[in-house]
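Written below as structure tokens is the structure these notes are about.
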Amino acid sequence: MTAPRRGRGRPTVFEPPTQAAYLDAVRHGMRLGDAAAHVGISRVVPTRYARTDREFAAALEEARAVGAKVRRESVPHGEYRYNVLKCRCLDCTRAATTGRAARRADAAPAPTADKSPAEETAGDVHPIRLDRAEVGKSSTSFLLARAS
Ligand SMILES: [Zn+2]
């Protein structure tokens, strides 16, 4: 265990407790930017720090690997997992097919029975209401078609 170096030339404060909290957040599946925000630092800090601290770099690498796995396994099977995590199991494939069909039908939201929190933050395609904005109709269909 090497103690973190605190040179005068390093203006950035990234103390061991913050490092630990950051690594923990990453390990729990947070994206790097979110993890940085979570512990109150700029997202460039850990990246910069990892360049000069091999031990931290290794820990970050390990945390990212664990985090990626956690993200995959905590995301329920469904359309998001099919699209983003490229899961091709029966559940995901069916959900993706159903989702696309539903959107093609009338741009209505897919059945919400198995809607998960992950889907809400997934940056999924949100059907755009066309009640008033008739103008957007053609371009929206175009975008949805491309997204499928
Ligand atoms: Zn799946």
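Each chain in the structure tokens gets a letter, A, B and so on, in the order shown; residues start at 1 in every chain, and ligands are counted from 1 in the order they appear.
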Residues within 6 Å of ligand 1, counting only C-alpha atoms and all ligand atoms, as a ChimeraX atom specification: /A:77,87-89,91-92
Selection to disk with C-alpha atoms, as an mmCIF file, in the first residue's frame:
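In the end it all went to selection-v8.cif:
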```cif
data_model
loop_
_atom_site.group_PDB
_atom_site.id
_atom_site.type_symbol
_atom_site.label_atom_id
_atom_site.label_comp_id
_atom_site.auth_asym_id
_atom_site.auth_seq_id
_atom_site.Cartn_x
_atom_site.Cartn_y
_atom_site.Cartn_z
ATOM 1 C CA HIS A 77 -34.304 -8.346 -19.238
ATOM 2 C CA CYS A 87 -28.677 -9.219 -24.716
ATOM 3 C CA ARG A 88 -30.281 -11.565 -27.200
ATOM 4 C CA CYS A 89 -32.110 -13.870 -24.834
ATOM 5 C CA ASP A 91 -37.133 -12.230 -23.018
ATOM 6 C CA CYS A 92 -35.128 -9.329 -24.361
#
```
Closest contacts (stretch 44-98 of chain A/stretch 21-32 of chain A, max 12 Å, only C-alpha atoms) as CSV:
```
residue,atom,partner,partner_atom,distance
A:Val44,CA,A:Leu32,CA,9.4
A:Val45,CA,A:Leu32,CA,10.5
A:Pro46,CA,A:Tyr22,CA,8.6
A:Thr47,CA,A:Leu32,CA,9.3
A:Ala50,CA,A:Leu23,CA,11.8
A:Phe56,CA,A:Leu23,CA,9.1
A:Ala57,CA,A:Leu23,CA,10.5
A:Ala58,CA,A:Leu23,CA,10.8
A:Ala59,CA,A:Leu23,CA,7.4
A:Leu60,CA,A:Leu23,CA,6.3
A:Glu61,CA,A:Leu23,CA,9.5
A:Glu62,CA,A:Arg27,CA,8.0
A:Ala63,CA,A:Arg27,CA,4.5
A:Arg64,CA,A:Val26,CA,6.0
A:Ala65,CA,A:Arg27,CA,7.7
A:Val66,CA,A:Arg27,CA,5.4
A:Gly67,CA,A:Gly29,CA,3.8
A:Ala68,CA,A:Gly29,CA,6.0
A:Lys69,CA,A:Gly29,CA,7.7
A:Val70,CA,A:Gly29,CA,5.5
A:Arg71,CA,A:Gly29,CA,5.1
A:Arg72,CA,A:Gly29,CA,8.8
A:Glu73,CA,A:Gly29,CA,9.9
A:Ser74,CA,A:Gly29,CA,8.9
A:Val75,CA,A:Gly29,CA,10.5
```
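Across the structure, atom CA of A:Glu55 and atom CA of A:Asp34 are spaced 21.8 Å apart.
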Nearest residue to A:Pro16 from the set A:Leu85, A:Val39, A:Ala95, A:Leu90 (distances using only C-alpha atoms): A:Val39
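Reported to one decimal place, the separation of atom CA of A:Phe14 from atom CA of A:Tyr49 is 8.1 Å.
Between atom CA of A:Tyr82 and atom CA of A:Ala105 the interatomic distance comes to 20.2 Å.
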Among listed residues A:Val13, A:Asn83, A:Arg103, A:Thr93, nearest A:Ser42 (using only C-alpha atoms):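 Closest to A:Ser42, using only C-alpha atoms: A:Val13.
For the choices A:Arg54, A:Gly33, A:Glu79, A:Arg43, the atom-to-atom distance to A:Arg100 is smallest for A:Glu79 when using only C-alpha atoms.
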Which residue of A:Gln19, A:Tyr80, A:Gly40, A:Lys86 approaches A:Asp53 most closely, using only C-alpha atoms: A:Gln19
